[in-house]
Amino acid sequence: MNKNLSPALEILLMALICCIVAGFLFRSDGGINLDTLVYVRNSISFPSVESNIFPPGYSILIKSFNVILKDNFWSTKAINFFFLALILGFSWVKNFYFKETILVLCTKIGVGLWSFSYSEPMFISILFFQYYMLAQYFEKDKVSDLWPILMTILVFGLLLTRHSGIFIYAGYWFAFVFLFRKKGTVVLKESFFKFLLYSAFLILAYLGYNYLTFNSFFGENLRGAPDITTDAERLKHAFLNLKGAISTWNPFYTLVLQHNENPAYFPIEMGIFSLDVVFAIGLIRGILKMTKSEESDFPIVMAITGLVFVFLMLFSSFQAGIEILNNRLLSPGSFCFLFPFIIYFLKKYPQKGQVFIGLGFISLGFNLFILLKTPANYLAIREKTKNFLELHSESKYFYVDKDEIPETKYTIPFLGKEFRYTHEVLKKSYINLHALSILKPEIQEIQEIKPEMKKSEIILNSEL
């Protein structure tokens with residue numbers, strides 16, 4: 001592995017950073033969503049926690065960064081760049097697939113996650129360090145006695161960041177079954193099995209604490225089941241989630257058109273789905289071919305873990321009231337497949353490196369376009385909102401009295417058909433709520449104005 005970067009790869013790395021910055025500065029919401037606001041509110045109230053529907057790891061980091069920056073928005077962005085620098089710096093210092101790390105971050109994982117104030121960049125970063133540990137385990141003759149302890153800490157870190165971390169842990173058990181079938185009982189004496197046992201005790205202790213404190217393991221009593229009642233809704237829900245799961249293997253995009261009541265959407269959905277299937281077949285076949293020619297079990301362990309993660313996420317989408325499976329939710333699965341694929345493809349075909357760099361530029365451009373289809377100056381929106389709040393210091397509530405819901409008209413090439421799509425991020429109420437709440441997290445959106453509420457405590461959407 002060579003640390004030296006070609007000029008093209010250096011430019012690609014700079015383009016990645018620029019695209020991430022542009023991805024949140026020129027979005028109307030600044031890369032903030034409702035989950036971000038919950039994490040920020042939890043960071044303010046920590047260590048007092050009302051529920052366990054969101055694990056505390058990301059909130060603790062926001063609180064820590066806020067001690068220095070004194071700003072919720074910039075704290076979440078600083079966390080993202082901290083982890084980006086940590087991954088790249090560690091990869092360079094340890095000479096651990098540095099070029100491949102840059103390339104995998106230039107897929108939909110990079111801009112699609114790091115432009116937003118999500119907990120996923122933290123999750124992916126912990127996963128990256130786990131895979132460094134796994135590479136050491138499978139590609140070296142001997143690892144330190146601390147290896148199972150360090151892996152256990154990292155698994156626990158995943159669980160404290162996102163509850164789906166337990167799906168990664170489940171994937172490791174399936175990988176262990178693969179190793180057991182291959183090597184026999186000797187694996188029971190190895191560090192990998194010890195790590196699984198240590199992690200089991202720590203996870204059970206965490207789940208026990210959650211149940212005794214919150215009367216649930218993962219906040220499942222608050223999340224509930226999917227809000228679907230008719231057969232048509234169930235069919236649509238199943239198709240969208242299955243399509244999202246299949247897109248895990250697509251390195252460029254995960255597009256899920258949820259508001260597809262217009263028949264014109266159907267050929268678009270099927271076209272996207274067909275491309276996703278092609279990517280899935282190609283990537284899986286590529287990994288299977290390469291793992292047969294490699295002595296290390298590292299790539300197959302990653303692939304098994306990713307496959308189990310995606311399956312369990314798909315299963316949970318039918319059980320819990322979560323959003324439709326998308327790039328954000330499935331990014332750990334994508335990382336599990338794309339990272340080893342890039343590593344072992346470039347090992348076998350090193351002359352193809354320029355092709356991957358070219359694809360990296362295409363991916364960055366495409367994902368930036370998806371994020372900024374309707375660009376806006378977030379800093380201007382933020383400044384205007386901040387000035388408004390200074391004049392309304394008593395505000396506690398946000399009420400949508402009037403709203404602008406612009407529609408965007410699209411024309412399908414060659415077919416001449418037109419359809420309209422309502423982008424949530426263009427709704428004035430959406431923009432105003434997110435701009436207000438990140439500046440003043442205690443502001444709550446209300447559905448009606450109650451008599452006991454003071455007029456000075458209420459911000460009307462039309463006022464902004």
# chains A, B, ... in the order shown; residues from 1 in each chain; ligands from 1
>>> residues_around(residues="range 207-209 of chain A", least_positions_apart="6", cutoff="9 Å", atoms="only C-alpha atoms", output="mmCIF file with C-alpha atoms, in the first residue's frame")
data_model
loop_
_atom_site.group_PDB
_atom_site.id
_atom_site.type_symbol
_atom_site.label_atom_id
_atom_site.label_comp_id
_atom_site.auth_asym_id
_atom_site.auth_seq_id
_atom_site.Cartn_x
_atom_site.Cartn_y
_atom_site.Cartn_z
ATOM 1 C CA SER A 216 -37.952 -0.981 26.455
ATOM 2 C CA PHE A 217 -34.736 -2.148 24.818
ATOM 3 C CA PHE A 218 -34.527 0.365 21.964
#
>>> residues_around(residues="range 58-61 of chain A", least_positions_apart="6", cutoff="8 Å", atoms="only C-alpha atoms", output="list in words")
Tyr39, Val40, Asn42, Ser43, Phe46, Ile79, Ser119, Met122, Leu160 and Thr161 of chain A
>>> residues_around(residues="Leu37 in chain A", least_positions_apart="3", cutoff="10 Å", atoms="only C-alpha atoms", output="PyMOL selection string")
chain A and resi 32-34+40-43+72-73+117+434+437-442
>>> write_last_selection(atoms="N, CA and C atoms", output="mmCIF file, in the first residue's frame")
data_model
loop_
_atom_site.group_PDB
_atom_site.id
_atom_site.type_symbol
_atom_site.label_atom_id
_atom_site.label_comp_id
_atom_site.auth_asym_id
_atom_site.auth_seq_id
_atom_site.Cartn_x
_atom_site.Cartn_y
_atom_site.Cartn_z
ATOM 1 N N ILE A 32 -29.861 19.934 8.105
ATOM 2 C CA ILE A 32 -30.476 19.655 9.411
ATOM 3 C C ILE A 32 -31.798 18.945 9.178
ATOM 4 N N ASN A 33 -32.093 17.898 9.945
ATOM 5 C CA ASN A 33 -33.412 17.270 9.859
ATOM 6 C C ASN A 33 -33.992 17.113 11.263
ATOM 7 N N LEU A 34 -35.166 16.521 11.350
ATOM 8 C CA LEU A 34 -35.846 16.425 12.644
ATOM 9 C C LEU A 34 -35.063 15.585 13.641
ATOM 10 N N VAL A 40 -29.941 17.287 19.314
ATOM 11 C CA VAL A 40 -29.509 18.546 19.926
ATOM 12 C C VAL A 40 -30.243 18.774 21.234
ATOM 13 N N ARG A 41 -31.555 18.525 21.255
ATOM 14 C CA ARG A 41 -32.315 18.690 22.503
ATOM 15 C C ARG A 41 -31.839 17.715 23.571
ATOM 16 N N ASN A 42 -31.525 16.502 23.146
ATOM 17 C CA ASN A 42 -31.007 15.515 24.105
ATOM 18 C C ASN A 42 -29.640 15.944 24.650
ATOM 19 N N SER A 43 -28.842 16.592 23.807
ATOM 20 C CA SER A 43 -27.522 17.047 24.260
ATOM 21 C C SER A 43 -27.656 18.133 25.322
ATOM 22 N N ASN A 72 -25.063 25.112 18.050
ATOM 23 C CA ASN A 72 -25.511 23.751 17.724
ATOM 24 C C ASN A 72 -25.205 23.373 16.277
ATOM 25 N N PHE A 73 -25.482 24.294 15.371
ATOM 26 C CA PHE A 73 -25.288 24.008 13.954
ATOM 27 C C PHE A 73 -23.828 23.710 13.647
ATOM 28 N N SER A 117 -26.258 16.726 9.200
ATOM 29 C CA SER A 117 -25.952 16.601 10.630
ATOM 30 C C SER A 117 -26.609 15.328 11.153
ATOM 31 N N HIS A 434 -36.766 24.378 10.720
ATOM 32 C CA HIS A 434 -35.408 23.883 10.922
ATOM 33 C C HIS A 434 -34.438 25.013 11.265
ATOM 34 N N SER A 437 -35.325 25.992 14.970
ATOM 35 C CA SER A 437 -35.094 24.976 16.002
ATOM 36 C C SER A 437 -33.621 24.721 16.271
ATOM 37 N N ILE A 438 -32.772 24.854 15.252
ATOM 38 C CA ILE A 438 -31.344 24.630 15.496
ATOM 39 C C ILE A 438 -30.746 25.803 16.264
ATOM 40 N N LEU A 439 -31.346 27.002 16.098
ATOM 41 C CA LEU A 439 -30.889 28.173 16.844
ATOM 42 C C LEU A 439 -31.469 28.198 18.252
ATOM 43 N N LYS A 440 -32.712 27.753 18.364
ATOM 44 C CA LYS A 440 -33.380 27.738 19.667
ATOM 45 C C LYS A 440 -34.125 26.410 19.797
ATOM 46 N N PRO A 441 -33.437 25.344 20.232
ATOM 47 C CA PRO A 441 -34.005 23.990 20.220
ATOM 48 C C PRO A 441 -35.267 23.818 21.054
ATOM 49 N N GLU A 442 -35.479 24.690 22.033
ATOM 50 C CA GLU A 442 -36.669 24.518 22.882
ATOM 51 C C GLU A 442 -37.961 24.901 22.172
#
>>> closest_atom_pairs(of="range 305-374 of chain A", to="range 3-18 of chain A", cutoff="7 Å", atoms="only C-alpha atoms", output="CSV")
residue,atom,partner,partner_atom,distance
A:Ile357,CA,A:Leu9,CA,6.6
A:Phe361,CA,A:Leu12,CA,6.6
A:Leu364,CA,A:Leu16,CA,6.8
>>> atom_distance(atom1="CA of Phe273 in chain A", atom2="CA of Tyr253 in chain A")
11.3 Å
>>> atom_distance(atom1="CA of Ile458 in chain A", atom2="CA of Pro375 in chain A")
29.0 Å
>>> closest_residue(among="A:Ala280, A:Leu25, A:Ile53, A:Ile102", to="Gly89 in chain A", atoms="only C-alpha atoms")
A:Ile102
>>> closest_atom_pairs(of="range 48-157 of chain A", to="range 315-334 of chain A", cutoff="9 Å", atoms="only C-alpha atoms", output="JSON lines")
{"residue": "A:Lys108", "atom": "CA", "partner": "A:Asn327", "partner_atom": "CA", "distance": 7.6}
{"residue": "A:Ile109", "atom": "CA", "partner": "A:Ser331", "partner_atom": "CA", "distance": 6.2}
{"residue": "A:Gly112", "atom": "CA", "partner": "A:Asn327", "partner_atom": "CA", "distance": 7.3}
{"residue": "A:Leu113", "atom": "CA", "partner": "A:Arg328", "partner_atom": "CA", "distance": 6.5}
{"residue": "A:Tyr118", "atom": "CA", "partner": "A:Arg328", "partner_atom": "CA", "distance": 8.4}
{"residue": "A:Glu120", "atom": "CA", "partner": "A:Arg328", "partner_atom": "CA", "distance": 7.0}
{"residue": "A:Phe123", "atom": "CA", "partner": "A:Pro332", "partner_atom": "CA", "distance": 7.9}
{"residue": "A:Ile124", "atom": "CA", "partner": "A:Pro332", "partner_atom": "CA", "distance": 6.3}
{"residue": "A:Leu127", "atom": "CA", "partner": "A:Pro332", "partner_atom": "CA", "distance": 7.7}
>>> write_last_selection(atoms="C-alpha atoms", output="PDB file, in the first residue's frame")
ATOM      1  CA  LYS A 108     -22.820   8.147  -2.185  1.00  0.00           C
ATOM      2  CA  ILE A 109     -21.572   7.509   1.378  1.00  0.00           C
ATOM      3  CA  GLY A 112     -24.731  11.780   1.084  1.00  0.00           C
ATOM      4  CA  LEU A 113     -23.907  11.566   4.806  1.00  0.00           C
ATOM      5  CA  TYR A 118     -26.553  12.892  11.100  1.00  0.00           C
ATOM      6  CA  GLU A 120     -24.144   8.185  10.562  1.00  0.00           C
ATOM      7  CA  PHE A 123     -21.219   5.357  12.945  1.00  0.00           C
ATOM      8  CA  ILE A 124     -19.349   4.816   9.663  1.00  0.00           C
ATOM      9  CA  LEU A 127     -17.145   0.855  11.544  1.00  0.00           C
TER      10      LEU A 127
END
>>> select_by_dssp(residues="range 134-290 of chain A", states="helix (DSSP H, G or I)", output="number ranges by chain")
A: 134-139, 147-161, 165-189, 191-214, 220-223, 231-249, 265-290
>>> atom_distance(atom1="CA of Asn461 in chain A", atom2="CA of Ser45 in chain A")
26.9 Å
>>> closest_residue(among="A:Thr152, A:Ser191, A:Asn215, A:Asn367", to="Leu255 in chain A", atoms="only C-alpha atoms")
A:Asn367
>>> closest_residue(among="A:Ala135, A:Leu197, A:Leu314, A:Ile342", to="Gly360 in chain A", atoms="only C-alpha atoms")
A:Ile342
>>> closest_residue(among="A:Thr185, A:Gln447, A:Thr254, A:Thr229", to="Asn241 in chain A", atoms="only C-alpha atoms")
A:Thr254
>>> residues_around(residues="Phe156 in chain A", least_positions_apart="5", cutoff="12 Å", atoms="only C-alpha atoms", output="VMD selection string")
chain A and resid 55 to 57 123 126 to 127 130 149 to 151 161 to 166 168 to 169 195 to 196 198 to 207
>>> write_last_selection(atoms="N, CA and C atoms", output="mmCIF file, in the first residue's frame")
data_model
loop_
_atom_site.group_PDB
_atom_site.id
_atom_site.type_symbol
_atom_site.label_atom_id
_atom_site.label_comp_id
_atom_site.auth_asym_id
_atom_site.auth_seq_id
_atom_site.Cartn_x
_atom_site.Cartn_y
_atom_site.Cartn_z
ATOM 1 N N PRO A 55 -30.014 6.647 20.957
ATOM 2 C CA PRO A 55 -28.888 6.388 21.867
ATOM 3 C C PRO A 55 -28.111 7.675 22.138
ATOM 4 N N PRO A 56 -27.358 7.731 23.231
ATOM 5 C CA PRO A 56 -26.778 9.004 23.684
ATOM 6 C C PRO A 56 -25.462 9.416 23.051
ATOM 7 N N GLY A 57 -24.802 8.531 22.293
ATOM 8 C CA GLY A 57 -23.447 8.812 21.825
ATOM 9 C C GLY A 57 -23.300 10.107 21.052
ATOM 10 N N PHE A 123 -21.018 6.803 13.027
ATOM 11 C CA PHE A 123 -21.219 5.357 12.945
ATOM 12 C C PHE A 123 -20.273 4.731 11.914
ATOM 13 N N ILE A 126 -16.644 4.640 13.181
ATOM 14 C CA ILE A 126 -16.387 3.540 14.120
ATOM 15 C C ILE A 126 -16.293 2.225 13.362
ATOM 16 N N LEU A 127 -17.166 2.066 12.369
ATOM 17 C CA LEU A 127 -17.145 0.855 11.544
ATOM 18 C C LEU A 127 -15.817 0.752 10.784
ATOM 19 N N GLN A 130 -13.278 -0.602 13.069
ATOM 20 C CA GLN A 130 -13.498 -2.037 13.253
ATOM 21 C C GLN A 130 -12.879 -2.822 12.102
ATOM 22 N N ILE A 149 -10.774 -6.923 23.250
ATOM 23 C CA ILE A 149 -11.290 -5.848 24.108
ATOM 24 C C ILE A 149 -11.538 -4.584 23.289
ATOM 25 N N LEU A 150 -10.578 -4.248 22.421
ATOM 26 C CA LEU A 150 -10.747 -3.061 21.575
ATOM 27 C C LEU A 150 -11.925 -3.221 20.622
ATOM 28 N N MET A 151 -12.092 -4.413 20.055
ATOM 29 C CA MET A 151 -13.230 -4.662 19.173
ATOM 30 C C MET A 151 -14.550 -4.554 19.931
ATOM 31 N N THR A 161 -24.152 4.834 19.292
ATOM 32 C CA THR A 161 -24.352 5.824 18.235
ATOM 33 C C THR A 161 -25.685 5.616 17.530
ATOM 34 N N ARG A 162 -25.943 4.371 17.126
ATOM 35 C CA ARG A 162 -27.219 4.017 16.496
ATOM 36 C C ARG A 162 -27.597 2.603 16.930
ATOM 37 N N HIS A 163 -28.881 2.405 17.160
ATOM 38 C CA HIS A 163 -29.332 1.090 17.609
ATOM 39 C C HIS A 163 -29.084 0.014 16.561
ATOM 40 N N SER A 164 -28.999 0.410 15.299
ATOM 41 C CA SER A 164 -28.742 -0.572 14.238
ATOM 42 C C SER A 164 -27.347 -1.167 14.355
ATOM 43 N N GLY A 165 -26.540 -0.659 15.278
ATOM 44 C CA GLY A 165 -25.240 -1.265 15.528
ATOM 45 C C GLY A 165 -25.351 -2.716 15.934
ATOM 46 N N ILE A 166 -26.488 -3.080 16.532
ATOM 47 C CA ILE A 166 -26.663 -4.476 16.939
ATOM 48 C C ILE A 166 -26.803 -5.379 15.712
ATOM 49 N N ILE A 168 -24.978 -4.968 12.982
ATOM 50 C CA ILE A 168 -23.584 -5.225 12.611
ATOM 51 C C ILE A 168 -23.027 -6.349 13.481
ATOM 52 N N TYR A 169 -23.325 -6.277 14.761
ATOM 53 C CA TYR A 169 -22.867 -7.322 15.687
ATOM 54 C C TYR A 169 -23.453 -8.675 15.298
ATOM 55 N N PHE A 195 -13.998 -11.873 21.301
ATOM 56 C CA PHE A 195 -14.611 -10.562 21.096
ATOM 57 C C PHE A 195 -16.139 -10.671 21.040
ATOM 58 N N LEU A 196 -16.647 -11.693 20.378
ATOM 59 C CA LEU A 196 -18.096 -11.885 20.314
ATOM 60 C C LEU A 196 -18.690 -12.124 21.697
ATOM 61 N N TYR A 198 -17.314 -11.223 24.719
ATOM 62 C CA TYR A 198 -17.195 -9.997 25.517
ATOM 63 C C TYR A 198 -18.291 -8.997 25.121
ATOM 64 N N SER A 199 -18.502 -8.857 23.827
ATOM 65 C CA SER A 199 -19.517 -7.913 23.333
ATOM 66 C C SER A 199 -20.911 -8.317 23.790
ATOM 67 N N ALA A 200 -21.167 -9.640 23.803
ATOM 68 C CA ALA A 200 -22.487 -10.133 24.217
ATOM 69 C C ALA A 200 -22.792 -9.710 25.646
ATOM 70 N N PHE A 201 -21.826 -9.843 26.540
ATOM 71 C CA PHE A 201 -22.034 -9.458 27.935
ATOM 72 C C PHE A 201 -22.293 -7.953 28.051
ATOM 73 N N LEU A 202 -21.527 -7.147 27.327
ATOM 74 C CA LEU A 202 -21.686 -5.696 27.405
ATOM 75 C C LEU A 202 -23.022 -5.253 26.814
ATOM 76 N N ILE A 203 -23.408 -5.852 25.691
ATOM 77 C CA ILE A 203 -24.678 -5.500 25.055
ATOM 78 C C ILE A 203 -25.850 -5.915 25.935
ATOM 79 N N LEU A 204 -25.780 -7.100 26.526
ATOM 80 C CA LEU A 204 -26.860 -7.541 27.422
ATOM 81 C C LEU A 204 -26.987 -6.619 28.621
ATOM 82 N N ALA A 205 -25.853 -6.156 29.147
ATOM 83 C CA ALA A 205 -25.892 -5.216 30.273
ATOM 84 C C ALA A 205 -26.553 -3.903 29.853
ATOM 85 N N TYR A 206 -26.224 -3.428 28.651
ATOM 86 C CA TYR A 206 -26.808 -2.190 28.135
ATOM 87 C C TYR A 206 -28.316 -2.341 27.920
ATOM 88 N N LEU A 207 -28.720 -3.455 27.318
ATOM 89 C CA LEU A 207 -30.149 -3.691 27.084
ATOM 90 C C LEU A 207 -30.896 -3.846 28.405
#
>>> residues_around(residues="Thr385 in chain A", least_positions_apart="5", cutoff="8 Å", atoms="only C-alpha atoms", output="list in words")
Asn432, Ala435, Leu436 and Leu464 of chain A
>>> write_last_selection(atoms="N, CA and C atoms", output="short mmCIF file (atom, residue, chain, number, x, y, z; two decimals), in the first residue's frame")
data_model
loop_
_atom_site.label_atom_id
_atom_site.label_comp_id
_atom_site.auth_asym_id
_atom_site.auth_seq_id
_atom_site.Cartn_x
_atom_site.Cartn_y
_atom_site.Cartn_z
N ASN A 432 -38.39 27.23 7.72
CA ASN A 432 -38.46 28.07 8.92
C ASN A 432 -38.32 27.26 10.20
N ALA A 435 -34.63 26.17 10.63
CA ALA A 435 -33.76 27.30 10.94
C ALA A 435 -33.99 27.79 12.36
N LEU A 436 -35.24 27.81 12.80
CA LEU A 436 -35.57 28.25 14.16
C LEU A 436 -35.06 27.26 15.20
N LEU A 464 -42.29 34.79 9.13
CA LEU A 464 -40.93 34.58 8.64
C LEU A 464 -40.88 34.58 7.11
#
>>> decode(residues="range 65-97 of chain A", atoms="C-alpha atoms", output="short mmCIF file (atom, residue, chain, number, x, y, z; two decimals), in the first residue's frame")
data_model
loop_
_atom_site.label_atom_id
_atom_site.label_comp_id
_atom_site.auth_asym_id
_atom_site.auth_seq_id
_atom_site.Cartn_x
_atom_site.Cartn_y
_atom_site.Cartn_z
CA PHE A 65 -18.25 20.35 20.86
CA ASN A 66 -20.78 22.94 21.98
CA VAL A 67 -18.66 23.70 25.02
CA ILE A 68 -16.12 25.27 22.65
CA LEU A 69 -18.20 26.42 19.68
CA LYS A 70 -21.34 27.59 21.55
CA ASP A 71 -23.42 26.84 18.46
CA ASN A 72 -25.51 23.75 17.72
CA PHE A 73 -25.29 24.01 13.95
CA TRP A 74 -21.52 24.44 13.74
CA SER A 75 -20.97 21.82 16.42
CA THR A 76 -22.68 19.17 14.28
CA LYS A 77 -20.61 20.23 11.25
CA ALA A 78 -17.39 20.20 13.28
CA ILE A 79 -18.19 16.63 14.38
CA ASN A 80 -18.53 15.56 10.75
CA PHE A 81 -15.19 17.07 9.76
CA PHE A 82 -13.55 15.70 12.88
CA PHE A 83 -14.49 12.18 11.84
CA LEU A 84 -13.58 12.81 8.20
CA ALA A 85 -10.12 14.00 9.26
CA LEU A 86 -9.84 11.11 11.73
CA ILE A 87 -10.58 8.47 9.08
CA LEU A 88 -8.29 9.97 6.45
CA GLY A 89 -5.51 10.80 8.92
CA PHE A 90 -5.58 7.35 10.49
CA SER A 91 -5.67 5.66 7.09
CA TRP A 92 -2.64 7.68 5.92
CA VAL A 93 -0.58 7.25 9.11
CA LYS A 94 -1.27 3.52 9.31
CA ASN A 95 -0.93 3.08 5.56
CA PHE A 96 -4.30 1.33 5.63
CA TYR A 97 -5.77 1.47 2.13
#
